[in-house]
Amino acid sequence: AAGKSALNQGAPQDATVIDCGGKAIIPGLIDARVFIGEPGGEHRETIASASLAAAAGGVTSIVMMPDTDPVIDNVALVEFVLRTAKDTAIVNIFPAAAITKGLEGREMTEFGLLREAGAVAFTDGRHT
């Protein structure tokens, strides 16, 4: 049952009850602005290591900014991020693609193709 017809039927007799009074209970946090070194700056951080750090802090999903070297401004790099995340990450990784090529603020990227490839947002990262 749901809504007004839902009744609290209590816990089963053998259930362990944990008092969460004064606590915030959530299924997981989403970090919507994460700067990861990979691709290009793996010496700083990889998708895998960022994923582990996120999970340790209760984050279950991250939106990865395009400020990498090379910049995530084309379909191949969006696909690379998604493939690498699928193979190595323990949290959800959602790539954001650059609004402009090379984050230079001059020539727009191919929004439609990037979206089809899996980009969830568009930003010029630290430049916006």
# chains A, B, ... in the order shown; residues from 1 in each chain; ligands from 1
call {"tool": "residues_around", "arguments": {"residues": "Thr68 in chain A", "least_positions_apart": "2", "cutoff": "9 Å", "atoms": "only C-alpha atoms", "output": "PyMOL selection string"}}
result
chain A and resi 35-41+65-66+70-72
call {"tool": "select_by_dssp", "arguments": {"residues": "range 7-127 of chain A", "states": "alpha helix (DSSP H)", "output": "PyMOL selection string"}}
result
chain A and resi 47-56+75-88+111-117
call {"tool": "write_last_selection", "arguments": {"atoms": "N, CA and C atoms", "output": "CSV table (one decimal), in the first residue's frame"}}
result
chain,number,residue,atom,x,y,z
A,47,ILE,N,40.0,7.6,-12.8
A,47,ILE,CA,38.6,7.4,-12.6
A,47,ILE,C,38.4,6.4,-11.5
A,48,ALA,N,39.2,5.4,-11.5
A,48,ALA,CA,39.1,4.3,-10.4
A,48,ALA,C,39.4,4.9,-9.0
A,49,SER,N,40.4,5.7,-8.9
A,49,SER,CA,40.8,6.3,-7.6
A,49,SER,C,39.8,7.3,-7.1
A,50,ALA,N,39.2,8.1,-8.1
A,50,ALA,CA,38.2,9.1,-7.7
A,50,ALA,C,36.9,8.4,-7.3
A,51,SER,N,36.6,7.3,-7.9
A,51,SER,CA,35.5,6.5,-7.6
A,51,SER,C,35.6,5.9,-6.1
A,52,LEU,N,36.8,5.4,-5.8
A,52,LEU,CA,37.0,4.9,-4.4
A,52,LEU,C,36.9,6.0,-3.4
A,53,ALA,N,37.4,7.1,-3.7
A,53,ALA,CA,37.4,8.3,-2.7
A,53,ALA,C,35.9,8.7,-2.6
A,54,ALA,N,35.2,8.8,-3.7
A,54,ALA,CA,33.8,9.1,-3.6
A,54,ALA,C,33.0,8.2,-2.7
A,55,ALA,N,33.2,6.9,-3.0
A,55,ALA,CA,32.4,5.9,-2.2
A,55,ALA,C,32.8,6.0,-0.7
A,56,ALA,N,34.0,6.2,-0.4
A,56,ALA,CA,34.4,6.3,1.0
A,56,ALA,C,33.7,7.5,1.7
A,75,VAL,N,33.2,12.8,-29.1
A,75,VAL,CA,32.5,11.5,-28.8
A,75,VAL,C,33.5,10.5,-28.3
A,76,ALA,N,34.7,10.4,-28.9
A,76,ALA,CA,35.6,9.3,-28.5
A,76,ALA,C,36.0,9.5,-27.0
A,77,LEU,N,36.1,10.7,-26.5
A,77,LEU,CA,36.5,10.8,-25.1
A,77,LEU,C,35.3,10.6,-24.1
A,78,VAL,N,34.1,10.9,-24.5
A,78,VAL,CA,33.0,10.6,-23.7
A,78,VAL,C,32.9,9.0,-23.6
A,79,GLU,N,33.0,8.4,-24.7
A,79,GLU,CA,33.0,6.9,-24.8
A,79,GLU,C,34.1,6.3,-23.9
A,80,PHE,N,35.3,6.9,-24.0
A,80,PHE,CA,36.4,6.5,-23.2
A,80,PHE,C,36.1,6.5,-21.7
A,81,VAL,N,35.6,7.7,-21.2
A,81,VAL,CA,35.2,7.8,-19.8
A,81,VAL,C,34.2,6.8,-19.4
A,82,LEU,N,33.1,6.6,-20.2
A,82,LEU,CA,32.1,5.6,-19.9
A,82,LEU,C,32.6,4.2,-19.8
A,83,ARG,N,33.5,3.9,-20.8
A,83,ARG,CA,34.1,2.5,-20.8
A,83,ARG,C,35.0,2.3,-19.6
A,84,THR,N,35.8,3.3,-19.3
A,84,THR,CA,36.8,3.2,-18.2
A,84,THR,C,36.0,3.1,-16.9
A,85,ALA,N,35.0,3.9,-16.8
A,85,ALA,CA,34.1,3.8,-15.6
A,85,ALA,C,33.5,2.5,-15.4
A,86,LYS,N,33.0,2.0,-16.5
A,86,LYS,CA,32.3,0.6,-16.4
A,86,LYS,C,33.3,-0.4,-16.0
A,87,ASP,N,34.5,-0.3,-16.4
A,87,ASP,CA,35.5,-1.3,-16.1
A,87,ASP,C,36.2,-1.2,-14.7
A,88,THR,N,36.2,0.1,-14.2
A,88,THR,CA,37.1,0.3,-13.0
A,88,THR,C,36.3,1.0,-11.8
A,111,PHE,N,26.9,19.2,-29.5
A,111,PHE,CA,26.1,18.8,-28.4
A,111,PHE,C,25.3,17.5,-28.6
A,112,GLY,N,24.6,17.5,-29.8
A,112,GLY,CA,23.8,16.3,-30.1
A,112,GLY,C,24.5,15.0,-30.1
A,113,LEU,N,25.7,15.0,-30.7
A,113,LEU,CA,26.5,13.8,-30.8
A,113,LEU,C,27.1,13.4,-29.4
A,114,LEU,N,27.5,14.4,-28.7
A,114,LEU,CA,28.0,14.2,-27.4
A,114,LEU,C,27.0,13.6,-26.4
A,115,ARG,N,25.7,14.2,-26.5
A,115,ARG,CA,24.6,13.7,-25.7
A,115,ARG,C,24.3,12.2,-26.1
A,116,GLU,N,24.3,11.9,-27.4
A,116,GLU,CA,24.0,10.6,-27.8
A,116,GLU,C,25.1,9.6,-27.3
A,117,ALA,N,26.3,10.1,-27.2
A,117,ALA,CA,27.4,9.3,-26.7
A,117,ALA,C,27.3,9.0,-25.2
call {"tool": "select_by_dssp", "arguments": {"residues": "chain A", "states": "strand (DSSP E or B)", "output": "VMD selection string"}}
result
chain A and resid 29 to 34 59 to 64 92 to 97 100 108 121 to 122
call {"tool": "atom_distance", "arguments": {"atom1": "CA of Gly58 in chain A", "atom2": "CA of Ala11 in chain A"}}
result
26.2 Å
call {"tool": "residues_around", "arguments": {"residues": "Val34 in chain A", "least_positions_apart": "3", "cutoff": "8 Å", "atoms": "only C-alpha atoms", "output": "ChimeraX atom specification"}}
result
/A:31,62-65
call {"tool": "residues_around", "arguments": {"residues": "Gly102 in chain A", "least_positions_apart": "4", "cutoff": "12 Å", "atoms": "only C-alpha atoms", "output": "ChimeraX atom specification"}}
result
/A:66-74,97-98,106-109,123-125,127
